[in-house]
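One structure is given here, and the rest of the page talks about it.
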Amino acid sequence: MNAIDSNLSRRSVLAGLGGLTFCIAVGNDGVRLMGQAQANALANAPVTPWVRIAPNGTITILSAGAEMGQGSMTSLPLILAEEMDADWSKVAIEWVPADAKVYGYKDPFGSQNLMWIVGSRAVQLYFTQLRNAGAQVRKVLIANAAQKWAVDAATLKTEPSVVINPANGARLTYGEIAAFGTIPATLPAVDAEELKERKDFRLIGHSVPRRDTPSKVNGSAQYAIDVKLPGMVYASTLHSPVHNAQPQIWDPGKQDQSAAAPESWNDAEVKAIKGVIDIVKLPNGLAVVADHFETAKAGRDRLKVKWTKAKADGFNSNKALDDYVKIHADPNAQVAKVEEKGDVKTAFANATKTYHAEFRSDYGYHAQMEPLNAVVRINESGDKAEVWEGSQAPDESRKAVAKALGIPEAQVDFHQCYMGGGFGRRSLGDYAAECATIAKAVRRPVKLIWTREEDIAQGMFRPQSFQCLEAATDTSGKVTGWKHCVVGDGEFLLLTGIKIPYYGVPSQWIERRGVSHGIKLKHWRAVGHVFNTFAIESFVDQMAADQGVDPIEFRLERMGATPKARKVFEALAQMADYKAKRPDGRALGISITERSGSLGAGAAEISLDRASGKIRVHKVWVAIDGGVIVQPAAAKANVESAIIYGLSSVLHERVTIKDGVVEQSNFHDYNLMRMSDLPEEMNVQFVDVDTRPTGLGEIGNPFIAGAISNAFYRLTGKRLRHLPFTPDRVLETLKA
């Protein structure tokens, strides 16, 4: 690819654009659209184009959604195009710059702007902002047509990319308006009632082909690993075999005391390899730089390093799980309250019956298909940098690179690329910061590629956990008291999905007991919902079975399911023909599923090979309330993707750590689900509601473990309580 001329200013780009250019800027009144003239007047303001309409009718919309296969790159511009009444066939899409102040959404947990495409945030958090922007553009186009025709703007209407005068049938295309039109210094305000009604949507709710698919099929899609620059060299890193904890924002100028650093190594021997250019010391590792990646990797494999001690030295994940049980039983252990409702003590004191169950889960690896990689080029004076990376959070990567180089963020030009999977791992920028550090040291453009072995050895994992649940029931069998304790490392990573707002238990106490091991942890698709929902729904199923009540009926009546929860369970029962007899040797299990504002109910039909301990999932159903569905086909594919991801993690995936070292090294011993294990059917249904969109990228994952474990109980009369459900664990459970 040809490098972008980094000397071009945004102002000069705006000046060279034909037609109408709608810009976006941040002021005291928040994020707003403006015209080119106003943008040019704000010489020092962060102003960039958002929508461009060319005289030939082409409409260019910038997409703020990082694209890793979930379809955000198509869905976000489509939302704006809907309110703008754009002809979708005339819409071109470009990436937005990595500028969160301009293009970010408002952090739902804070006041800053973010561009992080994590937590199923893209559509739900950009939805209203993009609708308003599109409506503003439409108003300006109508105003220009009204002025030209000397009529009242209120009498005009639009069809895709055309303004129409119903009185006489006159028509002006958006391209024609762009050739003569002007944009007012202050764009018109848009009231909520001026936005389109759902019945008038032409694009939202109607599936269109994803824009990234053709280029991915024909091979022209650009991933960072494809980028080639003049004079570029390659780097391969090696970090300590002992797992290294790192701060969330990687600082190469500060050695993290929990991480191991290289103390000495066979420098001369590795540098003697033909093609090796240098060995760069990093705060927690080494990078071998060479003329080809194969040479860099050969040098990395030849390294013999003495490392300083790390916090995780001696850590054993299996022993840690046993220790978590002791921490839970320790009355003096530090407790962090997560939820407190009603009077739990009284509920348990007056209970007709109480229940208790314990659950465990292991570490999980992201296992993204594309290896972690980045390309960095620094200018001669060292005060400007360009970065090519597939990032879920381009603003975060830009910040990490700037920090690594000691330059302002404004001096880092970030080129967003496609991603071959992210699942939460590609939202930090640590490897891009490493690449920048290496490029600065060798004074040449660098492509850094982490090997799969390196990525697993130094992965950022879903935390392991121990959970204890208790419940109190009254004379009618209703659950009146609820206790849930989770023990493990990871603080908030342990807590997502641990609350039960979909059930109306009057008295609740939910707590976390934390430990710290020096193991790197990270958001992982659906984060804590995976193990928390598993524990919650297995426990609920246990109570339903004990009381001899149908599992759905128990949730609706004795767990006090909310109307929203009732609706998705009723939809599930209908779509899965819940009461129907299953084939011999098969059983059905159900579970609630919840994530990012969406709520659903899912079921799995399984069979069991009792000789091998292998569970086979034949059919899966899930009914979801996700608000208005912007792109039904893409939304369905997202849910199906999460189902597969969940099945793989529940039945196969497990990271273990011994003496601080990850025992798995590649996909031969970190087992993933194979195509032969896929279900025969995956059935996804969205409940029809007229509320704003909520997250759908992860909602297909949390219910899987509970549904499978509950089906397993119906087949065997025994409960699976430790994720993942590997064949050896299944056999142990059957023998117990």
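We name chains A, B, ... following the order of the structure tokens; residues begin at 1 in each chain, and ligands are numbered from 1 as shown.
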Secondary structure check, strand (DSSP E) residues of region 361-521 of chain A, as a ChimeraX atom specification: /A:361,373-378,385-389,412-416,446-449,465-473,479-488,507-514
Contacts between region 485-504 of chain A and region 344-383 of chain A, please, where a residue of region 344-383 of chain A counts if it comes within 12 Å (with only C-alpha atoms); show its shortest atom pair and distance in Å to one decimal, rows by chain and ascending number, as JSON lines.
{"residue": "A:His356", "atom": "CA", "partner": "A:Cys485", "partner_atom": "CA", "distance": 11.6}
{"residue": "A:Ala357", "atom": "CA", "partner": "A:Cys485", "partner_atom": "CA", "distance": 10.9}
{"residue": "A:Glu358", "atom": "CA", "partner": "A:Cys485", "partner_atom": "CA", "distance": 9.6}
{"residue": "A:Phe359", "atom": "CA", "partner": "A:Val486", "partner_atom": "CA", "distance": 9.4}
{"residue": "A:Arg360", "atom": "CA", "partner": "A:Val486", "partner_atom": "CA", "distance": 9.6}
{"residue": "A:Ser361", "atom": "CA", "partner": "A:Gly488", "partner_atom": "CA", "distance": 10.1}
{"residue": "A:Asp362", "atom": "CA", "partner": "A:Gly488", "partner_atom": "CA", "distance": 10.5}
{"residue": "A:Tyr363", "atom": "CA", "partner": "A:Asp489", "partner_atom": "CA", "distance": 10.6}
Give me the residues of region 487-588 of chain A that have any atom at most 12 Å from an atom of region 118-131 of chain A; for each, the nearest atom pair and the distance in Å, rounded to one decimal. Use only C-alpha atoms, sort by chain and number, and format it as a Markdown table.
| residue | atom | partner | partner_atom | distance |
| --- | --- | --- | --- | --- |
| A:Leu493 | CA | A:Gly119 | CA | 12.0 |
| A:Thr496 | CA | A:Gly119 | CA | 10.5 |
| A:Lys522 | CA | A:Val118 | CA | 11.5 |
| A:His523 | CA | A:Val118 | CA | 8.5 |
| A:Trp524 | CA | A:Gly119 | CA | 9.2 |
| A:Arg525 | CA | A:Gly119 | CA | 7.8 |
| A:Ala526 | CA | A:Gly119 | CA | 7.1 |
| A:Val527 | CA | A:Gly119 | CA | 8.5 |
| A:Gly528 | CA | A:Gly119 | CA | 11.4 |
| A:His529 | CA | A:Gly119 | CA | 11.2 |
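Distances from A:Ala580, A:Cys468, A:Ala310, A:Ile456 to Thr656 (chain A) were compared using only C-alpha atoms, and the smallest one belongs to A:Ile456.
Closest approach to Gln467 (chain A) among A:Phe180, A:Trp149, A:Phe534, A:Phe686: A:Phe534, based on only C-alpha atoms.
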Selection: 9 Å around region 399-415 of chain A, only C-alpha atoms, excl. self and same-chain fewer than 5 positions, as a ChimeraX atom specification: /A:6,95,97-99,224,249-253,382-390,394,428-430,432-437,440
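Proximity ranking of A:Lys567, A:Lys447, A:Arg512, A:Lys658 relative to Val687 (chain A) places A:Lys567 first, based on only C-alpha atoms.
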For CA of Ser236 (chain A) and CA of Arg452 (chain A), the interatomic separation in Å (one decimal): 11.1 Å
Identify, on the basis of only C-alpha atoms, every residue whose closest approach to region 52-54 of chain A does not exceed 7 Å; exclude the query and any residue fewer than 3 positions from it along the same chain; express the result as a PDB file with N, CA, C and O atoms, in the first residue's frame.
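Result went into around.pdb, see below:
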ATOM      1  N   GLY A  18     -15.121  18.703  -2.881  1.00  0.00           N
ATOM      2  CA  GLY A  18     -16.189  19.343  -3.608  1.00  0.00           C
ATOM      3  C   GLY A  18     -17.523  19.082  -2.947  1.00  0.00           C
ATOM      4  O   GLY A  18     -17.675  18.176  -2.139  1.00  0.00           O
ATOM      5  N   GLY A  19     -18.524  19.889  -3.297  1.00  0.00           N
ATOM      6  CA  GLY A  19     -19.855  19.665  -2.777  1.00  0.00           C
ATOM      7  C   GLY A  19     -20.022  20.169  -1.361  1.00  0.00           C
ATOM      8  O   GLY A  19     -19.363  21.110  -0.923  1.00  0.00           O
ATOM      9  N   LEU A  20     -20.930  19.531  -0.631  1.00  0.00           N
ATOM     10  CA  LEU A  20     -21.221  19.927   0.744  1.00  0.00           C
ATOM     11  C   LEU A  20     -20.447  19.032   1.705  1.00  0.00           C
ATOM     12  O   LEU A  20     -20.493  17.809   1.589  1.00  0.00           O
ATOM     13  N   THR A  21     -19.756  19.649   2.646  1.00  0.00           N
ATOM     14  CA  THR A  21     -19.028  18.893   3.661  1.00  0.00           C
ATOM     15  C   THR A  21     -19.578  19.258   5.032  1.00  0.00           C
ATOM     16  O   THR A  21     -19.507  20.411   5.452  1.00  0.00           O
ATOM     17  N   PHE A  22     -20.135  18.281   5.689  1.00  0.00           N
ATOM     18  CA  PHE A  22     -20.628  18.477   7.048  1.00  0.00           C
ATOM     19  C   PHE A  22     -19.547  17.988   7.997  1.00  0.00           C
ATOM     20  O   PHE A  22     -19.101  16.838   7.915  1.00  0.00           O
ATOM     21  N   GLY A  57     -23.377  12.952  -6.617  1.00  0.00           N
ATOM     22  CA  GLY A  57     -24.344  12.217  -5.804  1.00  0.00           C
ATOM     23  C   GLY A  57     -23.741  11.251  -4.812  1.00  0.00           C
ATOM     24  O   GLY A  57     -24.453  10.686  -3.977  1.00  0.00           O
ATOM     25  N   THR A  58     -22.420  11.058  -4.862  1.00  0.00           N
ATOM     26  CA  THR A  58     -21.775  10.166  -3.896  1.00  0.00           C
ATOM     27  C   THR A  58     -21.820  10.790  -2.506  1.00  0.00           C
ATOM     28  O   THR A  58     -21.482  11.961  -2.320  1.00  0.00           O
ATOM     29  N   ILE A  59     -22.240  10.000  -1.547  1.00  0.00           N
ATOM     30  CA  ILE A  59     -22.308  10.456  -0.154  1.00  0.00           C
ATOM     31  C   ILE A  59     -21.286   9.645   0.643  1.00  0.00           C
ATOM     32  O   ILE A  59     -21.388   8.422   0.720  1.00  0.00           O
ATOM     33  N   THR A  60     -20.305  10.309   1.188  1.00  0.00           N
ATOM     34  CA  THR A  60     -19.282   9.633   1.984  1.00  0.00           C
ATOM     35  C   THR A  60     -19.595   9.831   3.459  1.00  0.00           C
ATOM     36  O   THR A  60     -19.713  10.963   3.932  1.00  0.00           O
ATOM     37  N   ILE A  61     -19.754   8.735   4.159  1.00  0.00           N
ATOM     38  CA  ILE A  61     -20.035   8.777   5.599  1.00  0.00           C
ATOM     39  C   ILE A  61     -18.890   8.085   6.318  1.00  0.00           C
ATOM     40  O   ILE A  61     -18.477   6.991   5.927  1.00  0.00           O
ATOM     41  N   GLY A 175     -26.992  15.319  -5.009  1.00  0.00           N
ATOM     42  CA  GLY A 175     -25.803  15.739  -5.743  1.00  0.00           C
ATOM     43  C   GLY A 175     -25.997  17.092  -6.390  1.00  0.00           C
ATOM     44  O   GLY A 175     -25.085  17.947  -6.374  1.00  0.00           O
ATOM     45  N   ALA A 178     -25.774  19.666  -3.768  1.00  0.00           N
ATOM     46  CA  ALA A 178     -24.387  19.832  -3.323  1.00  0.00           C
ATOM     47  C   ALA A 178     -23.616  20.770  -4.229  1.00  0.00           C
ATOM     48  O   ALA A 178     -22.668  21.432  -3.793  1.00  0.00           O
TER      49      ALA A 178
END
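Taking only C-alpha atoms into account, Val568 (chain A) lies nearest to A:Asp688 out of the set A:Asp659, A:Glu681, A:Asp688, A:Glu640.
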Separation of CA of Lys139 (chain A) from CA of Trp50 (chain A) in Å: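 Going from CA of Trp50 (chain A) over to CA of Lys139 (chain A), I get 15.9 Å.
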Best match for closeness to Ser207 (chain A) among A:Ala705, A:Ile629, A:Leu195, A:Val162, counting only C-alpha atoms: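 Counting only C-alpha atoms, the residue closest to Ser207 (chain A) is A:Ile629.
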Between CA of Leu286 (chain A) and CA of Gln664 (chain A), distance in Å (one decimal):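 If I compute the distance from CA of Leu286 (chain A) to CA of Gln664 (chain A), I get 21.2 Å.
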Among listed residues A:Ser240, A:Asn144, A:Asn318, A:Ser75, nearest Ile183 (chain A) (using only C-alpha atoms):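 Nearest candidate to Ile183 (chain A) out of A:Ser240, A:Asn144, A:Asn318, A:Ser75: A:Asn144.
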Region 192-425 of chain A: residues DSSP assigns to alpha helix (DSSP H), reported as number ranges by chain: A: 213-218, 267-271, 293-302, 317-329, 344-349, 394-405
Surrounding residues of Glu263 (chain A) excluding itself and chain neighbours under 2 positions, 7 Å, only C-alpha atoms, as an MDAnalysis selection string: chainID A and resid 261 306:308
Could you save the residues just selected, with all heavy atoms, as an mmCIF file, in the first residue's frame?
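result.cif, written as the output of this step:
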data_model
loop_
_atom_site.group_PDB
_atom_site.id
_atom_site.type_symbol
_atom_site.label_atom_id
_atom_site.label_comp_id
_atom_site.auth_asym_id
_atom_site.auth_seq_id
_atom_site.Cartn_x
_atom_site.Cartn_y
_atom_site.Cartn_z
ATOM 1 N N ALA A 261 11.681 -8.676 33.995
ATOM 2 C CA ALA A 261 12.430 -7.931 32.980
ATOM 3 C C ALA A 261 13.639 -8.752 32.552
ATOM 4 O O ALA A 261 14.172 -9.548 33.326
ATOM 5 C CB ALA A 261 12.880 -6.590 33.549
ATOM 6 N N LYS A 306 18.097 -14.507 30.919
ATOM 7 C CA LYS A 306 17.954 -14.557 32.375
ATOM 8 C C LYS A 306 16.990 -13.440 32.756
ATOM 9 O O LYS A 306 17.183 -12.290 32.373
ATOM 10 C CB LYS A 306 19.300 -14.354 33.070
ATOM 11 C CG LYS A 306 19.199 -14.394 34.592
ATOM 12 C CD LYS A 306 20.562 -14.167 35.240
ATOM 13 C CE LYS A 306 20.431 -14.174 36.762
ATOM 14 N NZ LYS A 306 21.734 -13.897 37.424
ATOM 15 N N TRP A 307 15.957 -13.800 33.505
ATOM 16 C CA TRP A 307 14.895 -12.840 33.830
ATOM 17 C C TRP A 307 14.907 -12.492 35.309
ATOM 18 O O TRP A 307 15.272 -13.316 36.148
ATOM 19 C CB TRP A 307 13.527 -13.428 33.476
ATOM 20 C CG TRP A 307 13.377 -13.823 32.048
ATOM 21 C CD1 TRP A 307 13.650 -15.042 31.497
ATOM 22 C CD2 TRP A 307 12.937 -12.996 30.966
ATOM 23 N NE1 TRP A 307 13.393 -15.035 30.146
ATOM 24 C CE2 TRP A 307 12.955 -13.789 29.786
ATOM 25 C CE3 TRP A 307 12.518 -11.665 30.871
ATOM 26 C CZ2 TRP A 307 12.567 -13.287 28.548
ATOM 27 C CZ3 TRP A 307 12.131 -11.178 29.636
ATOM 28 C CH2 TRP A 307 12.165 -11.972 28.489
ATOM 29 N N THR A 308 14.469 -11.288 35.621
ATOM 30 C CA THR A 308 14.261 -10.917 37.022
ATOM 31 C C THR A 308 13.005 -11.631 37.529
ATOM 32 O O THR A 308 12.214 -12.158 36.755
ATOM 33 C CB THR A 308 14.075 -9.402 37.172
ATOM 34 O OG1 THR A 308 12.919 -8.995 36.412
ATOM 35 C CG2 THR A 308 15.303 -8.654 36.686
#
Fewer than 4 positions away in the same chain doesn't count, so skip those; otherwise give me all residues within 8 Å of Ser538 (chain A), counting only C-alpha atoms, as a PDB file with N, CA and C atoms, in the first residue's frame.
ATOM      1  N   PHE A 534     -23.700 -18.830  34.353  1.00  0.00           N
ATOM      2  CA  PHE A 534     -23.647 -20.291  34.527  1.00  0.00           C
ATOM      3  C   PHE A 534     -24.002 -20.674  35.960  1.00  0.00           C
ATOM      4  N   GLN A 542     -31.364 -26.080  39.882  1.00  0.00           N
ATOM      5  CA  GLN A 542     -31.267 -27.018  41.001  1.00  0.00           C
ATOM      6  C   GLN A 542     -32.475 -26.881  41.918  1.00  0.00           C
ATOM      7  N   GLY A 706     -25.021 -22.617  31.242  1.00  0.00           N
ATOM      8  CA  GLY A 706     -26.166 -23.003  32.057  1.00  0.00           C
ATOM      9  C   GLY A 706     -27.108 -23.935  31.322  1.00  0.00           C
ATOM     10  N   SER A 709     -25.389 -27.411  31.112  1.00  0.00           N
ATOM     11  CA  SER A 709     -25.301 -28.098  32.410  1.00  0.00           C
ATOM     12  C   SER A 709     -26.678 -28.544  32.888  1.00  0.00           C
ATOM     13  N   ASN A 710     -27.695 -27.742  32.606  1.00  0.00           N
ATOM     14  CA  ASN A 710     -29.048 -28.114  33.018  1.00  0.00           C
ATOM     15  C   ASN A 710     -29.593 -29.269  32.171  1.00  0.00           C
TER      16      ASN A 710
END
